[in-house]
$ cat data.txt   # compact mmCIF, C-alpha atoms and all ligand atoms
# COMPACT_ATOMS: atom_id res chain seq x y z
CA MET A 1 69.83 117.97 106.93
CA CYS A 2 72.89 116.01 108.02
CA LYS A 3 73.17 115.90 111.80
CA LEU A 4 76.54 115.80 113.47
CA TYR A 5 77.39 114.46 116.89
CA PRO A 6 80.79 115.97 117.61
CA TYR A 7 82.60 116.09 120.94
CA PHE A 8 86.12 116.70 122.16
CA THR A 9 87.98 113.44 122.69
CA ASN A 10 90.50 113.22 125.51
CA ASP A 11 93.45 114.60 123.53
CA GLY A 12 91.51 117.70 122.41
CA SER A 13 90.81 116.52 118.86
CA VAL A 14 87.21 116.33 117.70
CA GLY A 15 85.55 112.91 117.52
CA LEU A 16 82.20 111.95 116.05
CA PHE A 17 79.46 109.56 117.06
CA SER A 18 77.03 107.84 114.69
CA PRO A 19 73.57 107.06 116.16
CA GLU A 20 72.69 105.03 113.03
CA ALA A 21 75.68 102.74 113.41
CA ASP A 22 75.51 103.17 117.21
CA ASP A 23 79.27 103.38 116.96
CA ILE A 24 82.00 105.93 117.43
CA TYR A 25 84.01 107.10 114.46
CA HIS A 26 87.03 107.73 116.65
CA SER A 27 88.44 106.52 119.91
CA THR A 28 87.34 108.58 122.91
CA TYR A 29 90.94 108.25 124.13
CA GLY A 30 91.86 110.71 121.34
CA ALA A 31 90.90 110.80 117.68
CA LEU A 32 94.28 112.14 116.60
CA SER A 33 96.26 109.96 119.02
CA GLU A 34 94.41 106.93 117.64
CA ALA A 35 95.39 107.81 114.07
CA TYR A 36 99.05 108.12 115.02
CA GLU A 37 99.32 105.14 117.30
CA LYS A 38 97.24 102.68 115.30
CA PHE A 39 98.05 103.68 111.74
CA ILE A 40 101.08 105.95 111.43
CA LEU A 41 103.67 104.55 113.85
CA PRO A 42 103.25 100.88 112.84
CA ALA A 43 103.28 101.72 109.12
CA ASN A 44 107.07 102.25 109.20
CA ILE A 45 106.54 105.01 106.65
CA GLU A 46 110.20 106.00 106.61
CA TYR A 47 111.05 102.65 105.05
CA TYR A 48 108.75 103.41 102.10
CA PHE A 49 110.07 106.99 101.80
CA LYS A 50 113.58 105.61 101.46
CA GLN A 51 112.77 102.72 99.13
CA TYR A 52 110.22 104.22 96.74
CA LYS A 53 110.12 107.25 94.44
CA LYS A 54 106.35 107.27 94.57
CA ILE A 55 104.14 106.02 97.38
CA ASN A 56 100.47 105.21 97.00
CA VAL A 57 98.36 105.24 100.13
CA LEU A 58 94.80 103.91 100.23
CA ASP A 59 92.72 105.38 103.05
CA ILE A 60 89.62 103.18 103.30
CA CYS A 61 86.95 104.96 105.36
CA TYR A 62 88.45 108.41 105.26
CA GLY A 63 85.67 109.90 107.46
CA ILE A 64 87.00 113.28 108.55
CA GLY A 65 90.48 112.26 107.49
CA TYR A 66 92.58 111.76 110.62
CA ASN A 67 94.64 108.99 109.04
CA SER A 68 95.40 110.82 105.79
CA LYS A 69 96.11 114.02 107.69
CA SER A 70 98.48 112.28 110.08
CA PHE A 71 100.24 110.71 107.11
CA LEU A 72 100.68 114.11 105.44
CA ASN A 73 101.92 115.56 108.68
CA PHE A 74 104.50 112.78 108.94
CA TYR A 75 105.62 113.64 105.41
CA PHE A 76 106.17 117.30 106.34
CA ASP A 77 108.15 116.35 109.43
CA TYR A 78 110.24 113.95 107.38
CA GLU A 79 111.01 116.65 104.84
CA LYS A 80 111.96 119.11 107.57
CA ASN A 81 114.34 116.63 109.19
CA LEU A 82 115.81 115.66 105.83
CA THR A 83 116.51 119.31 104.97
CA LYS A 84 118.19 119.81 108.34
CA LYS A 85 120.24 116.64 107.93
CA LEU A 86 121.34 117.49 104.42
CA TYR A 87 122.21 121.01 105.49
CA ASN A 88 124.35 119.78 108.38
CA GLU A 89 126.00 117.02 106.35
CA ALA A 90 126.90 119.43 103.57
CA ILE A 91 128.34 121.97 106.00
CA TYR A 92 130.50 119.50 107.89
CA THR A 93 131.79 117.40 105.03
CA ASP A 94 134.26 118.53 102.49
CA ASN A 95 132.21 117.98 99.35
CA ILE A 96 131.56 120.50 96.64
CA LEU A 97 128.10 121.30 97.93
CA GLY A 98 129.57 121.81 101.41
CA LYS A 99 132.15 124.24 100.09
CA PHE A 100 129.51 126.09 98.15
CA LEU A 101 127.19 126.29 101.13
CA ASN A 102 129.98 127.60 103.31
CA ILE A 103 130.13 130.79 101.33
CA LEU A 104 126.37 131.45 101.58
CA ASN A 105 124.37 132.89 104.44
CA ARG A 106 122.12 130.61 106.53
CA LYS A 107 118.92 131.42 104.69
CA ASN A 108 120.44 130.56 101.32
CA LYS A 109 122.07 127.43 102.71
CA LEU A 110 118.73 126.17 103.89
CA TYR A 111 117.20 127.06 100.56
CA ILE A 112 119.83 125.07 98.64
CA ALA A 113 119.46 122.14 101.05
CA LYS A 114 115.71 122.22 100.44
CA ILE A 115 116.18 122.01 96.65
CA HIS A 116 118.34 118.93 97.11
CA THR A 117 115.87 117.46 99.58
CA ASN A 118 113.11 117.87 97.04
CA ASN A 119 115.01 115.63 94.64
CA ILE A 120 115.08 112.77 97.09
CA LEU A 121 111.62 113.21 98.59
CA PRO A 122 109.15 110.67 97.24
CA GLU A 123 106.01 111.74 95.47
CA ILE A 124 102.91 110.74 97.37
CA PHE A 125 99.43 109.86 96.25
CA ILE A 126 96.63 109.48 98.75
CA HIS A 127 93.52 107.73 97.51
CA ALA A 128 90.84 108.43 100.10
CA ILE A 129 87.46 106.70 100.09
CA ASP A 130 84.32 107.17 102.13
CA ASN A 131 80.66 106.84 101.22
CA ASP A 132 79.65 109.87 103.29
CA LYS A 133 80.04 113.04 101.25
CA ASN A 134 79.37 115.42 104.14
CA LEU A 135 82.20 114.00 106.22
CA PHE A 136 84.60 114.34 103.32
CA LEU A 137 83.69 117.95 102.72
CA LEU A 138 83.82 118.80 106.40
CA SER A 139 87.19 117.15 106.95
CA PRO A 140 89.49 120.18 106.56
CA PHE A 141 87.29 122.28 108.84
CA ILE A 142 87.30 119.96 111.85
CA LYS A 143 89.65 120.97 114.65
CA THR A 144 92.41 118.41 114.99
CA GLN A 145 93.67 119.85 118.25
CA ASN A 146 92.58 122.24 120.90
CA ARG A 147 95.03 122.90 123.67
CA PHE A 148 92.57 124.69 125.92
CA PHE A 149 89.50 122.60 125.29
CA VAL A 150 86.87 122.14 127.94
CA ARG A 151 85.23 118.71 128.01
CA ASP A 152 81.87 119.55 126.50
CA LYS A 153 78.59 118.01 127.59
CA LEU A 154 77.65 115.31 125.08
CA SER A 155 74.75 116.26 122.84
CA PHE A 156 73.74 112.57 122.81
CA GLU A 157 73.33 109.87 125.41
CA HIS A 158 76.19 107.41 125.60
CA GLU A 159 77.18 105.87 128.87
CA LYS A 160 80.37 104.25 127.58
CA ILE A 161 81.73 107.45 126.03
CA ASN A 162 80.88 109.39 129.17
CA LYS A 163 82.86 106.93 131.28
CA LEU A 164 85.85 106.88 128.95
CA ARG A 165 86.00 110.65 128.80
CA LYS A 166 87.32 110.78 132.33
CA VAL A 167 90.65 109.27 131.24
CA LYS A 168 93.46 111.81 131.05
CA VAL A 169 95.73 111.78 127.99
CA LYS A 170 98.97 113.59 127.43
CA SER A 171 98.57 114.78 123.87
CA LYS A 172 101.83 114.46 121.98
CA TYR A 173 100.58 114.73 118.45
CA LYS A 174 99.89 117.83 116.44
CA ILE A 175 98.93 118.45 112.86
CA LYS A 176 100.39 121.36 110.95
CA LYS A 177 98.08 123.97 109.53
CA GLU A 178 99.24 123.33 105.97
CA VAL A 179 97.76 119.81 106.10
CA ASN A 180 94.22 121.13 106.33
CA ILE A 181 94.96 123.82 103.74
CA ILE A 182 96.12 121.16 101.28
CA ILE A 183 93.05 119.03 101.92
CA LEU A 184 90.77 122.03 101.44
CA LYS A 185 92.51 122.97 98.19
CA LYS A 186 92.31 119.42 96.86
CA LEU A 187 88.63 119.14 97.75
CA ILE A 188 87.96 122.41 95.93
CA GLU A 189 89.79 121.05 92.87
CA ASN A 190 87.91 117.75 92.98
CA PHE A 191 84.41 118.92 93.82
CA GLU A 192 83.46 121.69 91.44
CA ASN A 193 80.28 122.54 93.30
CA ILE A 194 81.71 122.54 96.78
CA PHE A 195 80.81 126.20 97.35
CA GLU A 196 77.17 125.48 96.49
CA GLU A 197 76.89 122.41 98.75
CA THR A 198 73.84 123.37 100.83
CA GLU A 199 74.46 120.89 103.63
CA LEU A 200 78.09 121.88 104.02
CA ASN A 201 77.27 125.57 104.12
CA GLU A 202 74.42 124.95 106.56
CA ILE A 203 76.54 122.88 108.92
CA LEU A 204 79.33 125.43 108.86
CA SER A 205 76.91 128.16 109.83
CA ILE A 206 75.25 126.37 112.79
CA LYS A 207 76.27 128.05 116.03
CA LYS A 208 76.48 124.95 118.22
CA TYR A 209 78.99 123.31 115.85
CA LYS A 210 81.28 126.32 115.47
CA ARG A 211 83.53 125.44 118.38
CA TYR A 212 84.48 122.23 116.56
CA PHE A 213 85.61 124.02 113.38
CA ASP A 214 88.90 125.69 112.65
CA ARG A 215 88.18 129.39 112.18
CA PHE A 216 91.16 129.93 109.94
CA ILE A 217 90.04 127.24 107.47
CA CYS A 218 86.46 128.58 107.56
CA SER A 219 87.75 132.06 106.58
CA LEU A 220 89.97 130.62 103.88
CA PHE A 221 86.97 128.74 102.45
CA GLN A 222 84.92 131.94 102.37
CA PHE A 223 87.82 133.70 100.72
CA TYR A 224 88.15 131.07 97.97
CA LYS A 225 84.39 131.14 97.54
CA PHE A 226 84.36 134.85 96.78
CA GLU A 227 87.47 134.72 94.65
CA ARG A 228 86.77 131.87 92.22
CA GLY A 229 86.61 132.98 88.60
CA ASN A 230 86.35 136.54 89.75
CA ASN A 231 88.53 139.09 88.10
CA THR A 232 86.68 142.27 88.83
CA LEU A 233 88.19 145.36 90.33
CA LEU A 234 86.51 144.51 93.61
CA SER A 235 87.95 141.00 93.67
CA ARG A 236 91.43 142.28 92.88
CA LEU A 237 91.08 144.72 95.74
CA ARG A 238 90.01 141.84 97.99
CA THR A 239 93.01 139.77 96.88
CA PHE A 240 95.26 142.73 97.59
CA LEU A 241 93.81 143.14 101.09
CA HIS A 242 93.99 139.40 101.67
CA ASN A 243 97.68 139.35 100.71
CA ILE A 244 98.41 142.25 103.03
CA TYR A 245 96.54 140.48 105.79
CA TYR A 246 98.56 137.29 105.40
CA ARG A 247 101.85 139.04 104.81
CA TYR A 248 101.65 141.04 107.99
CA ILE A 249 99.31 139.18 110.25
CA SER A 250 99.46 135.47 109.63
CA ASN A 251 103.01 134.23 109.76
CA SER A 252 101.97 130.59 109.92
CA HIS A 253 99.98 130.98 106.74
CA LYS A 254 103.04 132.35 104.97
CA LYS A 255 104.95 129.25 106.00
CA ALA A 256 102.08 127.09 104.89
CA LEU A 257 102.00 128.60 101.42
CA LYS A 258 105.72 128.03 101.02
CA CYS A 259 105.17 124.34 101.74
CA LEU A 260 102.26 124.11 99.34
CA LYS A 261 104.45 125.18 96.46
CA THR A 262 107.18 122.66 97.00
CA LYS A 263 105.39 119.44 97.90
CA LYS A 264 104.78 116.55 95.55
CA ILE A 265 101.42 115.64 96.95
CA ASN A 266 98.44 114.17 95.17
CA PHE A 267 95.18 113.56 96.94
CA LYS A 268 92.19 111.88 95.32
CA PRO A 269 88.97 111.86 97.33
CA GLU A 270 86.32 109.38 96.20
CA ILE A 271 82.79 109.27 97.55
CA ASP A 272 81.59 105.73 97.02
CA ASP A 273 81.30 102.31 98.56
CA ALA A 274 84.91 101.22 99.12
CA ARG A 275 84.09 97.87 97.48
CA ASN A 276 83.22 99.54 94.15
CA VAL A 277 86.34 101.65 94.20
CA ILE A 278 88.69 98.79 94.90
CA LYS A 279 86.99 96.52 92.33
CA ASN A 280 87.52 99.15 89.64
CA SER A 281 90.96 100.33 90.66
CA ASP A 282 94.05 99.30 88.74
CA MET A 283 96.43 100.76 91.30
CA THR A 284 98.92 99.16 93.63
CA TYR A 285 99.33 100.62 97.08
CA GLN A 286 102.25 100.50 99.47
CA ILE A 287 100.16 101.42 102.51
CA ILE A 288 96.48 100.67 103.12
CA PHE A 289 94.62 102.04 106.14
CA LEU A 290 91.45 100.07 106.86
CA ASP A 291 89.38 102.03 109.37
CA ALA A 292 85.82 100.76 108.88
CA PHE A 293 83.25 100.50 111.68
CA THR A 294 83.59 97.25 113.65
CA PRO A 295 83.02 93.93 111.80
CA ALA A 296 79.73 93.41 113.64
CA LYS A 297 78.46 96.78 112.26
CA CYS A 298 80.08 96.90 108.84
CA PRO A 299 81.04 93.33 107.81
CA CYS A 300 81.13 94.24 104.09
CA LEU A 301 84.55 95.84 104.60
CA TRP A 302 85.96 92.90 106.58
CA SER A 303 84.89 90.03 104.32
CA LYS A 304 87.21 87.43 102.83
CA GLU A 305 86.21 88.62 99.32
CA PHE A 306 87.05 92.25 100.14
CA PHE A 307 90.42 91.15 101.51
CA ASP A 308 91.03 89.19 98.26
CA GLU A 309 90.74 92.53 96.47
CA LEU A 310 93.10 94.22 98.94
CA PHE A 311 95.60 91.43 98.30
CA LYS A 312 95.49 92.10 94.55
CA HIS A 313 96.09 95.81 95.08
CA LEU A 314 98.83 95.61 97.68
CA ASP A 315 102.46 96.11 96.68
CA ASP A 316 104.69 93.07 97.33
CA ASN A 317 106.33 94.96 100.20
CA GLY A 318 103.16 96.78 101.21
CA LEU A 319 101.22 96.79 104.46
CA VAL A 320 97.53 96.83 105.41
CA LEU A 321 96.85 98.30 108.85
CA THR A 322 93.71 97.96 110.88
CA TYR A 323 92.71 98.51 114.50
CA SER A 324 90.79 95.20 114.64
CA ASN A 325 91.98 92.31 116.81
CA SER A 326 89.04 90.10 115.84
CA ALA A 327 89.74 86.46 115.18
CA CYS A 328 87.38 86.55 112.16
CA VAL A 329 89.31 89.48 110.63
CA ARG A 330 92.64 87.75 111.18
CA ASN A 331 91.28 84.54 109.69
CA ALA A 332 89.94 86.37 106.62
CA PHE A 333 93.37 87.91 106.03
CA LEU A 334 94.99 84.48 106.28
CA GLN A 335 92.44 82.91 103.94
CA SER A 336 93.13 85.65 101.38
CA GLY A 337 96.83 84.75 101.39
CA PHE A 338 98.27 87.44 103.68
CA HIS A 339 100.75 87.00 106.47
CA ILE A 340 99.57 88.72 109.61
CA ALA A 341 101.06 90.27 112.73
CA LYS A 342 99.65 92.00 115.73
CA ILE A 343 100.47 95.63 116.31
CA TYR A 344 102.14 96.29 119.66
CA ASN A 345 103.60 99.52 121.03
CA ALA A 346 106.18 98.51 123.65
CA GLU A 347 106.62 102.06 124.95
CA LEU A 348 102.92 102.36 125.74
CA ASN A 349 102.50 98.62 126.39
CA LYS A 350 99.40 98.51 124.22
CA TYR A 351 98.08 96.22 121.50
CA TYR A 352 96.51 98.12 118.63
CA GLY A 353 95.18 95.73 116.02
CA THR A 354 96.36 93.69 113.07
CA ALA A 355 98.72 94.25 110.15
CA ALA A 356 98.57 92.18 106.95
CA PHE A 357 101.28 91.88 104.30
CA LYS A 358 102.68 89.65 101.57
CA ASN A 359 106.36 89.69 102.42
CA LYS A 360 107.20 88.43 105.91
CA ASN A 361 110.56 90.22 105.79
CA ILE A 362 108.90 93.55 106.35
CA MET A 363 108.50 92.46 110.00
CA ILE A 364 112.27 92.52 110.44
CA ASN A 365 112.71 96.28 110.68
CA ASN A 366 109.33 97.11 112.11
CA ASN A 367 109.33 97.05 115.92
CA PHE A 368 105.55 97.41 116.05
CA LEU A 369 104.78 94.11 114.32
CA HIS A 370 104.74 90.98 116.47
CA GLU A 371 104.01 87.34 115.78
CA LEU A 372 100.61 86.08 116.92
CA SER A 373 100.69 84.01 120.11
CA GLU A 374 99.46 80.42 120.46
CA TYR A 375 96.37 81.89 122.10
CA ASP A 376 95.65 84.25 119.17
CA LEU A 377 96.16 81.42 116.67
CA GLY A 378 93.93 79.11 118.69
CA LEU A 379 91.15 81.69 118.79
CA ILE A 380 91.18 81.91 114.99
CA LYS A 381 90.23 78.20 114.91
CA THR A 382 87.14 78.68 117.09
CA LYS A 383 83.68 79.92 116.07
CA ALA A 384 85.00 83.47 116.66
CA GLY A 385 87.25 82.93 113.64
CA ILE A 386 84.40 82.30 111.18
CA VAL A 387 84.85 84.85 108.42
CA TYR A 388 82.26 87.10 106.78
CA HIS A 389 81.41 86.42 103.12
CA ASP A 390 80.29 88.85 100.44
CA LYS A 391 80.58 86.83 97.24
CA ASN A 392 80.24 89.52 94.58
CA LEU A 393 81.12 92.40 96.86
CA SER A 394 77.57 93.64 96.62
CA LEU A 395 75.60 92.31 99.61
CA ASN A 396 74.31 94.64 102.26
CA ASN A 397 75.54 94.39 105.83
CA GLU A 398 72.34 92.83 107.20
CA VAL A 399 72.45 89.99 104.66
CA ILE A 400 76.14 89.32 105.40
CA LEU A 401 75.46 89.32 109.15
CA ALA A 402 72.49 86.96 108.82
CA ALA A 403 74.49 84.43 106.76
CA HIS A 404 77.38 84.65 109.23
CA LYS A 405 75.04 84.04 112.17
CA LYS A 406 73.58 80.98 110.45
CA GLU A 407 77.01 79.57 109.65
CA THR A 408 78.16 80.12 113.24
CA GLU A 409 75.04 78.38 114.64
CA ASN A 410 75.54 75.38 112.35
CA SER A 411 79.28 75.13 112.90
CA ASN A 412 80.90 72.25 114.79
CA LEU A 413 83.84 74.40 115.83
CA ILE A 414 84.51 75.01 119.50
CA SER A 415 83.08 78.28 120.86
CA SER A 416 85.52 81.04 121.77
CA SER A 417 84.30 81.10 125.41
CA LYS A 418 85.02 77.36 125.77
CA PHE A 419 88.44 77.87 124.22
CA ILE A 420 89.24 80.78 126.56
CA LYS A 421 88.16 78.71 129.58
CA MET A 422 90.33 75.82 128.39
CA MET A 423 93.34 78.10 128.02
CA LYS A 424 92.78 79.50 131.52
CA ASN A 425 92.62 76.03 133.02
CA PHE A 426 95.72 75.09 131.09
CA ASP A 427 97.56 78.09 132.57
CA THR A 428 96.64 77.30 136.19
C1 LIG A 501 85.31 104.47 111.93
S1 LIG A 501 84.80 105.63 110.75
C2 LIG A 501 86.30 106.15 110.02
C3 LIG A 501 86.96 107.31 110.71
C4 LIG A 501 87.97 107.98 109.85
N1 LIG A 501 89.10 107.17 109.51
C5 LIG A 501 88.39 109.33 110.37
O1 LIG A 501 89.59 109.60 110.50
O2 LIG A 501 87.52 110.16 110.63
C6 LIG A 501 84.09 104.62 109.51
C7 LIG A 501 83.76 105.32 108.21
O3 LIG A 501 83.34 104.34 107.26
C8 LIG A 501 82.46 104.95 106.33
N2 LIG A 501 81.81 103.83 105.61
C9 LIG A 501 80.88 102.95 106.08
N3 LIG A 501 80.60 102.02 105.14
C10 LIG A 501 81.36 102.31 104.06
C11 LIG A 501 81.51 101.72 102.77
N4 LIG A 501 80.83 100.61 102.42
N5 LIG A 501 82.37 102.28 101.90
C12 LIG A 501 83.07 103.38 102.24
N6 LIG A 501 82.98 103.99 103.45
C13 LIG A 501 82.13 103.46 104.34
C14 LIG A 501 81.61 105.83 107.21
O4 LIG A 501 81.04 106.87 106.48
C15 LIG A 501 82.63 106.33 108.25
O5 LIG A 501 83.14 107.57 107.89

$ encode --input "data.txt" --output "structure tokens" --more "lines below"
Ligand SMILES: C[S@@+](CC[C@H](N)C(=O)[O-])C[C@H]1O[C@@H](n2cnc3c(N)ncnc32)[C@H](O)[C@@H]1O
Amino acid sequence: MCKLYPYFTNDGSVGLFSPEADDIYHSTYGALSEAYEKFILPANIEYYFKQYKKINVLDICYGIGYNSKSFLNFYFDYEKNLTKKLYNEAIYTDNILGKFLNILNRKNKLYIAKIHTNNILPEIFIHAIDNDKNLFLLSPFIKTQNRFFVRDKLSFEHEKINKLRKVKVKSKYKIKKEVNIIILKKLIENFENIFEETELNEILSIKKYKRYFDRFICSLFQFYKFERGNNTLLSRLRTFLHNIYYRYISNSHKKALKCLKTKKINFKPEIDDARNVIKNSDMTYQIIFLDAFTPAKCPCLWSKEFFDELFKHLDDNGLVLTYSNSACVRNAFLQSGFHIAKIYNAELNKYYGTAAFKNKNIMINNNFLHELSEYDLGLIKTKAGIVYHDKNLSLNNEVILAAHKKETENSNLISSSKFIKMMKNFDT
């Protein structure tokens, strides 16, 4: 059976650890905070919402879906603000809509504003890929926040995580309930046998994991499970009771259902090696999240050949975002024809990784994208900048790593440590 290693990260969202990869899936600083700060803020999503009628997002290494969920959450916030703005504009200007709205009560005004908002909201399509089916299926159930969480004892040994868990984080990010409801609904639509998935059902029923799962989503799943294709008297009675329950007890669910009806959201989960999906895709994406394990663990998703594919599938004004600052990743992007920038959050004074794009002008209105320094560019030219190769996008990680090691050993380039020393001496 699939074993999970969950724990509460410092912002209260659940993070996972992989003993096989000996790597964390999420930053201990905060799984949700990481998604927002590394992928959502620097993506300048509003630009795409304003410029495009339809936006395609590629979430490579979906895992338990923090990046896709944060994107959806951003979309809901955007819609809410747009409705408010349109409502206020219409009320205070002297246009026909304004006049019409003036004679309605507030509820109807908001309703009309929402209809107009819907016309200008872009349609979104999220193409999510991961090769781990269990993570995909578990994704809507995992708690994305927990205000009153107690730092749990790790169920695995990891000195580094233990140390990092002492850092305090002010959690600013939240994900609306409807996000997980949408993901659950889409997974049910896409995976016919989801209710029969033994591993999923087993994991959901294990006591020690329950604190990491959202009880509301678990109940909803059970409800859908009993309801599907059922039209007996008993099921109708259950539906009736369920409706009463949500009408009178769960106000947030009512709100959530309202949202579900009006959104133009498409979500396509795909369980496969990301290399196969991208090779066979004929789509163009405006935003690509690349959230693979580190290059030293999963080089197949950081190779020059994989980046060539990303280049083919990126919109001319699109953006690839990744948390990696590695010189070899930056070099592979450059060799594939991308421009690159480093991601910097001035408010938090933190560097977050690398962005790659085709059109340099997209840097102009994006405060998170900064030119690489002389130091960064110099590092790319050292042994640390030697890229990973995966000629037909079919090699396994060990083979790619072995070839990379050999190339590095035989290379005449200066080592990164020598370069760093030289730069230090130069500074002093
Ligand atoms: C760092 S985690 C991603 C975390 C994720 N973004 C989230 O929000 O939970 C890396 C993910 O890469 C997936 N993965 C590893 N190799 C892959 C491959 N070749 N193709 C697709 N997914 C892969 C793993 O299953 C794992 O979920």

$ closest_atom_pairs --input "data.txt" --of "chain A" --to "ligand LIG 501 (chain A)" --cutoff "6 Å" --atoms "all atoms listed in the file" --output "Markdown table"
| residue | atom | partner | partner_atom | distance |
| --- | --- | --- | --- | --- |
| A:Tyr25 | CA | A:LIG501 | C1 | 3.9 |
| A:His26 | CA | A:LIG501 | C3 | 6.0 |
| A:Cys61 | CA | A:LIG501 | O3 | 4.1 |
| A:Tyr62 | CA | A:LIG501 | N1 | 4.5 |
| A:Gly63 | CA | A:LIG501 | O5 | 3.5 |
| A:Ile64 | CA | A:LIG501 | O2 | 3.8 |
| A:Gly65 | CA | A:LIG501 | O1 | 4.1 |
| A:Tyr66 | CA | A:LIG501 | O1 | 3.7 |
| A:Asn67 | CA | A:LIG501 | O1 | 5.3 |
| A:Ile129 | CA | A:LIG501 | C12 | 5.9 |
| A:Asp130 | CA | A:LIG501 | N6 | 3.7 |
| A:Asn131 | CA | A:LIG501 | N6 | 4.3 |
| A:Asp132 | CA | A:LIG501 | O4 | 4.6 |
| A:Asp272 | CA | A:LIG501 | C12 | 5.9 |
| A:Asp273 | CA | A:LIG501 | N5 | 3.5 |
| A:Ala274 | CA | A:LIG501 | N5 | 3.9 |
| A:Asp291 | CA | A:LIG501 | N1 | 5.1 |
| A:Ala292 | CA | A:LIG501 | C6 | 4.3 |
| A:Phe293 | CA | A:LIG501 | C1 | 4.5 |

$ residues_around --input "data.txt" --residues "Lys358 in chain A" --least-positions-apart "6" --cutoff "6 Å" --atoms "only C-alpha atoms" --output "number ranges by chain"
A: 316, 338-339

$ atom_distance --input "data.txt" --atom1 "CA of Lys172 in chain A" --atom2 "CA of Phe125 in chain A"
26.2 Å

$ closest_residue --input "data.txt" --among "A:Ala43, A:Ile287, A:Ile217, A:Ile343" --to "Lys185 in chain A" --atoms "only C-alpha atoms"
A:Ile217

$ residues_around --input "data.txt" --residues "range 371-375 of chain A" --least-positions-apart "6" --cutoff "9 Å" --atoms "all atoms listed in the file" --output "ChimeraX atom specification"
/A:340-342,363,420,423

$ atom_distance --input "data.txt" --atom1 "CA of Asn366 in chain A" --atom2 "CA of Phe289 in chain A"
16.6 Å

$ residues_near_point --input "data.txt" --point "(89.9, 87.8, 114.9)" --cutoff "12 Å" --atoms "only C-alpha atoms" --output "PDB file with C-alpha atoms, keeping the file's coordinate frame"
ATOM      1  CA  THR A 294      83.590  97.250 113.650  1.00  0.00           C
ATOM      2  CA  PRO A 295      83.020  93.930 111.800  1.00  0.00           C
ATOM      3  CA  ALA A 296      79.730  93.410 113.640  1.00  0.00           C
ATOM      4  CA  TRP A 302      85.960  92.900 106.580  1.00  0.00           C
ATOM      5  CA  SER A 303      84.890  90.030 104.320  1.00  0.00           C
ATOM      6  CA  THR A 322      93.710  97.960 110.880  1.00  0.00           C
ATOM      7  CA  TYR A 323      92.710  98.510 114.500  1.00  0.00           C
ATOM      8  CA  SER A 324      90.790  95.200 114.640  1.00  0.00           C
ATOM      9  CA  ASN A 325      91.980  92.310 116.810  1.00  0.00           C
ATOM     10  CA  SER A 326      89.040  90.100 115.840  1.00  0.00           C
ATOM     11  CA  ALA A 327      89.740  86.460 115.180  1.00  0.00           C
ATOM     12  CA  CYS A 328      87.380  86.550 112.160  1.00  0.00           C
ATOM     13  CA  VAL A 329      89.310  89.480 110.630  1.00  0.00           C
ATOM     14  CA  ARG A 330      92.640  87.750 111.180  1.00  0.00           C
ATOM     15  CA  ASN A 331      91.280  84.540 109.690  1.00  0.00           C
ATOM     16  CA  ALA A 332      89.940  86.370 106.620  1.00  0.00           C
ATOM     17  CA  PHE A 333      93.370  87.910 106.030  1.00  0.00           C
ATOM     18  CA  LEU A 334      94.990  84.480 106.280  1.00  0.00           C
ATOM     19  CA  ILE A 340      99.570  88.720 109.610  1.00  0.00           C
ATOM     20  CA  ALA A 341     101.060  90.270 112.730  1.00  0.00           C
ATOM     21  CA  LYS A 342      99.650  92.000 115.730  1.00  0.00           C
ATOM     22  CA  GLY A 353      95.180  95.730 116.020  1.00  0.00           C
ATOM     23  CA  THR A 354      96.360  93.690 113.070  1.00  0.00           C
ATOM     24  CA  ALA A 355      98.720  94.250 110.150  1.00  0.00           C
ATOM     25  CA  LEU A 372     100.610  86.080 116.920  1.00  0.00           C
ATOM     26  CA  TYR A 375      96.370  81.890 122.100  1.00  0.00           C
ATOM     27  CA  ASP A 376      95.650  84.250 119.170  1.00  0.00           C
ATOM     28  CA  LEU A 377      96.160  81.420 116.670  1.00  0.00           C
ATOM     29  CA  GLY A 378      93.930  79.110 118.690  1.00  0.00           C
ATOM     30  CA  LEU A 379      91.150  81.690 118.790  1.00  0.00           C
ATOM     31  CA  ILE A 380      91.180  81.910 114.990  1.00  0.00           C
ATOM     32  CA  LYS A 381      90.230  78.200 114.910  1.00  0.00           C
ATOM     33  CA  THR A 382      87.140  78.680 117.090  1.00  0.00           C
ATOM     34  CA  LYS A 383      83.680  79.920 116.070  1.00  0.00           C
ATOM     35  CA  ALA A 384      85.000  83.470 116.660  1.00  0.00           C
ATOM     36  CA  GLY A 385      87.250  82.930 113.640  1.00  0.00           C
ATOM     37  CA  ILE A 386      84.400  82.300 111.180  1.00  0.00           C
ATOM     38  CA  VAL A 387      84.850  84.850 108.420  1.00  0.00           C
ATOM     39  CA  TYR A 388      82.260  87.100 106.780  1.00  0.00           C
ATOM     40  CA  SER A 416      85.520  81.040 121.770  1.00  0.00           C
TER      41      SER A 416
END

$ closest_residue --input "data.txt" --among "A:Ile206, A:Val167, A:Leu58, A:Tyr52" --to "Ser27 in chain A" --atoms "only C-alpha atoms"
A:Val167

$ atom_distance --input "data.txt" --atom1 "CA of Ile181 in chain A" --atom2 "CA of Thr28 in chain A"
25.6 Å

$ closest_residue --input "data.txt" --among "A:Glu189, A:Glu123, A:Asn146, A:Phe267" --to "Ser68 in chain A" --atoms "only C-alpha atoms"
A:Phe267
